[in-house]
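What follows is a single structure, written as structure tokens, with notes after it.
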Amino acid sequence: MDQNGELGDFLRSRRARLRPEDAGVAFSGGARRVPGLRREEVAHLAGVSTDYYARLEQGRHPHVSEAVLEAVARALRLDDTERGYLFELVRRGTPGPGRRRPAGGPRMRPAVHRMLDVLNDVSPALVVNHRSDVLAANHLAKALITDFDALPYRDRNLARFVLLHPAARELYADWDKAAETFVASLRLAAGSHPDDRQLNELVGELSIKVPEFRTWWAGHRVDQCAHGTQRLDHPVVGQLTLSYETLALPADPDQSICLYTAEPGSPSAQTLRLLASWSAPPGAREAASSDAPSS
């Protein structure tokens, strides 16, 4: 992916979504040749010349100060995620020493595995990286979504499952919303990992196999998938509405744990307990039966 083109497309998409009145730009009405703000209007709001902003949008930006980027981000009303993405795109195009990538594949600490095991009867939980590769999942997450360990290695990816697997369209009640959010997450990852061959291959595959993907990708939405709500229609236990939270593991760069929870006392909480009972390994079910009070 060409960083100059990516930067220009992103800036154009962000100014196209802003109405002059929302940005505080005086507008006398009538037809406009472009949707949203013009280049000169963004430049005025950011306090830079129109020529300077045009060169930034064209990717001709050998040196851009943080102050200018902050001003552009304010002018375009970028949120924190979009602001970080803008800085990453400009940093990619700035001459300098390349980044070193850690050697070897991802490794998970035993303590993280134990954390997943502790959550087995409480919360579906899985560990993912920036590509949405599933590095580990507890049995409740496998029962809720799919058994990633049973898939070929290259298919153990949450975004790939949601966008490509036929079962995902049945599982996610709001499939379009969930799929578009994963595309926004991949777009964000592409900004910070431009040389990731596996990520680029995944994006290329999805652009060919998923009809909606190119439209979503061209929209330049970026999202951390940090939290949200998903409605699921599970083939065994039925409908659930679950909240998810994605928590970074500070000691393990590029690894996050995603937890799913149900509102206490809700029908979804009861359904999640039913799923936990149904999916528990045989040894766990026998232990639960032996611990049950006798009548």
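Residues are referred to by chain and number: the chain letter is A, B, ... according to the order shown in the structure tokens, the number counts from 1 in that chain, and ligands are numbered separately from 1 in the order shown.
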Which parts of region 204-271 of chain A does DSSP call alpha helix (DSSP H) when run on the backbone here, written out as a list of chain:residue names?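 Checking each residue of region 204-271 of chain A, the alpha helix (DSSP H) ones are A:Gly204, A:Glu205, A:Leu206, A:Ser207, A:Ile208, A:Lys209, A:Phe213, A:Arg214, A:Thr215, A:Trp216, A:Trp217, A:Ala218, A:Pro267, A:Ser268, A:Ala269, A:Gln270, A:Thr271.
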Would you kindly return, as a PyMOL selection string, each protein, DNA or RNA residue with an atom no farther than 12 Å from any atom of Asp80 (chain A), considering only C-alpha atoms and excluding same-chain residues fewer than 6 positions away? chain A and resi 70+73-74+86-87+188+222-224
Give me a file of those residues, with N, CA, C and O atoms, as an mmCIF file, in the first residue's frame.
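Below is the file that was written, again10.cif:
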```
data_model
loop_
_atom_site.group_PDB
_atom_site.id
_atom_site.type_symbol
_atom_site.label_atom_id
_atom_site.label_comp_id
_atom_site.auth_asym_id
_atom_site.auth_seq_id
_atom_site.Cartn_x
_atom_site.Cartn_y
_atom_site.Cartn_z
ATOM 1 N N GLU A 70 -1.450 18.472 14.386
ATOM 2 C CA GLU A 70 -2.482 18.703 15.400
ATOM 3 C C GLU A 70 -3.528 19.683 14.878
ATOM 4 O O GLU A 70 -4.736 19.505 15.087
ATOM 5 N N ALA A 73 -5.677 17.944 12.332
ATOM 6 C CA ALA A 73 -6.582 17.022 13.016
ATOM 7 C C ALA A 73 -7.759 17.771 13.639
ATOM 8 O O ALA A 73 -8.905 17.317 13.576
ATOM 9 N N ARG A 74 -7.485 18.948 14.229
ATOM 10 C CA ARG A 74 -8.570 19.746 14.809
ATOM 11 C C ARG A 74 -9.488 20.274 13.723
ATOM 12 O O ARG A 74 -10.721 20.265 13.869
ATOM 13 N N LEU A 86 -3.574 9.366 11.435
ATOM 14 C CA LEU A 86 -2.969 10.424 10.632
ATOM 15 C C LEU A 86 -1.477 10.541 10.929
ATOM 16 O O LEU A 86 -0.646 10.592 10.013
ATOM 17 N N PHE A 87 -1.127 10.588 12.212
ATOM 18 C CA PHE A 87 0.287 10.692 12.592
ATOM 19 C C PHE A 87 1.073 9.495 12.074
ATOM 20 O O PHE A 87 2.213 9.632 11.632
ATOM 21 N N LEU A 188 -6.862 0.433 10.461
ATOM 22 C CA LEU A 188 -6.017 1.044 11.484
ATOM 23 C C LEU A 188 -4.695 0.290 11.609
ATOM 24 O O LEU A 188 -3.623 0.902 11.695
ATOM 25 N N VAL A 222 -11.478 4.160 10.646
ATOM 26 C CA VAL A 222 -10.507 3.450 11.478
ATOM 27 C C VAL A 222 -11.118 3.248 12.861
ATOM 28 O O VAL A 222 -11.801 4.120 13.382
ATOM 29 N N ASP A 223 -10.877 2.070 13.438
ATOM 30 C CA ASP A 223 -11.509 1.725 14.709
ATOM 31 C C ASP A 223 -10.604 0.760 15.470
ATOM 32 O O ASP A 223 -10.064 -0.178 14.881
ATOM 33 N N GLN A 224 -10.453 0.982 16.753
ATOM 34 C CA GLN A 224 -9.637 0.104 17.588
ATOM 35 C C GLN A 224 -10.383 -1.137 18.045
ATOM 36 O O GLN A 224 -9.791 -2.038 18.628
#
```
Considering only C-alpha atoms, state which residue in the set A:Val122, A:Ala184, A:Cys258, A:Cys225 is at the smallest distance from Ala136 (chain A).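 Closest residue, counting only C-alpha atoms: A:Cys258.
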Just want the 8 Å neighbourhood of Arg14 (chain A), counted on only C-alpha atoms, with same-chain residues fewer than 4 positions away dropped. Output as a list in words.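 Once the adjacent positions are removed, what remains is Phe10, Leu18, Leu76 and Leu78 of chain A.
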Grab the residues selected above and save them as an mmCIF file, in the first residue's frame with N, CA and C atoms.
```
data_model
loop_
_atom_site.group_PDB
_atom_site.id
_atom_site.type_symbol
_atom_site.label_atom_id
_atom_site.label_comp_id
_atom_site.auth_asym_id
_atom_site.auth_seq_id
_atom_site.Cartn_x
_atom_site.Cartn_y
_atom_site.Cartn_z
ATOM 1 N N PHE A 10 -7.119 9.392 2.810
ATOM 2 C CA PHE A 10 -7.661 9.566 4.160
ATOM 3 C C PHE A 10 -8.074 11.013 4.398
ATOM 4 N N LEU A 18 -17.333 16.464 6.298
ATOM 5 C CA LEU A 18 -17.639 17.647 7.103
ATOM 6 C C LEU A 18 -18.472 18.651 6.317
ATOM 7 N N LEU A 76 -10.172 19.000 10.865
ATOM 8 C CA LEU A 76 -10.975 17.915 10.293
ATOM 9 C C LEU A 76 -11.810 17.200 11.353
ATOM 10 N N LEU A 78 -10.980 15.179 13.814
ATOM 11 C CA LEU A 78 -10.642 13.770 13.952
ATOM 12 C C LEU A 78 -10.773 13.340 15.410
#
```
Spatial neighbours of Pro235 (chain A), max dist 12 Å, only C-alpha atoms, sep filter under 2 positions, as a tab-separated table (two decimals) with C-alpha atoms, in the first residue's frame:
```
chain	number	residue	atom	x	y	z
A	143	ALA	CA	-18.11	-22.53	21.83
A	144	LEU	CA	-19.46	-19.03	21.27
A	145	ILE	CA	-17.66	-18.18	18.01
A	146	THR	CA	-15.76	-21.15	16.54
A	167	ALA	CA	-21.38	-19.51	9.63
A	168	ALA	CA	-20.44	-15.97	10.71
A	169	ARG	CA	-23.28	-14.44	8.70
A	170	GLU	CA	-25.67	-16.64	10.69
A	171	LEU	CA	-23.95	-16.07	14.05
A	172	TYR	CA	-23.75	-12.26	13.97
A	173	ALA	CA	-27.26	-10.80	13.95
A	232	LEU	CA	-25.46	-13.12	18.36
A	233	ASP	CA	-27.76	-15.92	17.24
A	237	VAL	CA	-28.33	-21.81	22.79
A	238	GLY	CA	-30.06	-19.10	20.76
A	239	GLN	CA	-29.88	-15.33	21.01
A	240	LEU	CA	-27.42	-13.38	23.16
A	275	LEU	CA	-23.46	-22.23	26.89
```
For a quick check of understanding, using only C-alpha atoms, which of A:Met115, A:Ala125, A:Leu89, A:Val68 has the smallest distance to Ile257 (chain A)?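 Under the stated criterion, the closest residue is A:Ala125.
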Calculated over only C-alpha atoms, which of the candidates A:Gly228, A:Gly204, A:Pro194, A:Pro124 has the smallest distance to Glu88 (chain A)? A:Pro194
From the set A:Lys142, A:Arg187, A:His113, A:His63, which residue has the shortest atom-to-atom contact distance to Arg214 (chain A), counting only C-alpha atoms?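 Nearest candidate to Arg214 (chain A) out of A:Lys142, A:Arg187, A:His113, A:His63: A:Arg187.
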So, counting only C-alpha atoms, which residue among A:Leu126, A:Leu37, A:Ala150, A:Ala280 is closest to Tyr260 (chain A)?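 Among A:Leu126, A:Leu37, A:Ala150, A:Ala280, it is A:Leu126 that comes nearest to Tyr260 (chain A).
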Restricting the calculation to only C-alpha atoms: of A:Thr261, A:Ser185, A:Ser13, A:Ser243, which residue gets closest to Leu140 (chain A)?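 Nearest candidate to Leu140 (chain A) out of A:Thr261, A:Ser185, A:Ser13, A:Ser243: A:Thr261.
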Can you tell me which residues surround Val203 (chain A) at a distance of at most 10 Å, considering only C-alpha atoms, apart from same-chain residues fewer than 6 positions away, and format the answer as an MDAnalysis selection string? chainID A and resid 131 160 183 186:187 190 197 213:214 217
Could you pull out all residues of region 186-266 of chain A with a DSSP call of strand (DSSP E or B) and give them as a list in words?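 Strand (DSSP E or B) members of region 186-266 of chain A, listed: His227, Gly228, Thr229, Gln230, Arg231, Leu232, Asp233, His234, Gly238, Gln239, Leu240, Thr241, Leu242, Ser243, Tyr244, Glu245, Thr246, Leu247, Ala248, Ser256, Ile257, Cys258, Leu259, Tyr260 and Thr261 of chain A.
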Quote the spacing between CA of Asp252 (chain A) and CA of Phe182 (chain A) in Å to one decimal place.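 Computing it gives 21.9 Å between the two atoms.
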Excluding Gly36 (chain A) and its own-chain neighbours fewer than 6 positions away, which residues fall within 12 Å of it when counting only C-alpha atoms? Please give them as a PyMOL selection string. chain A and resi 11-23+25+27+42+76
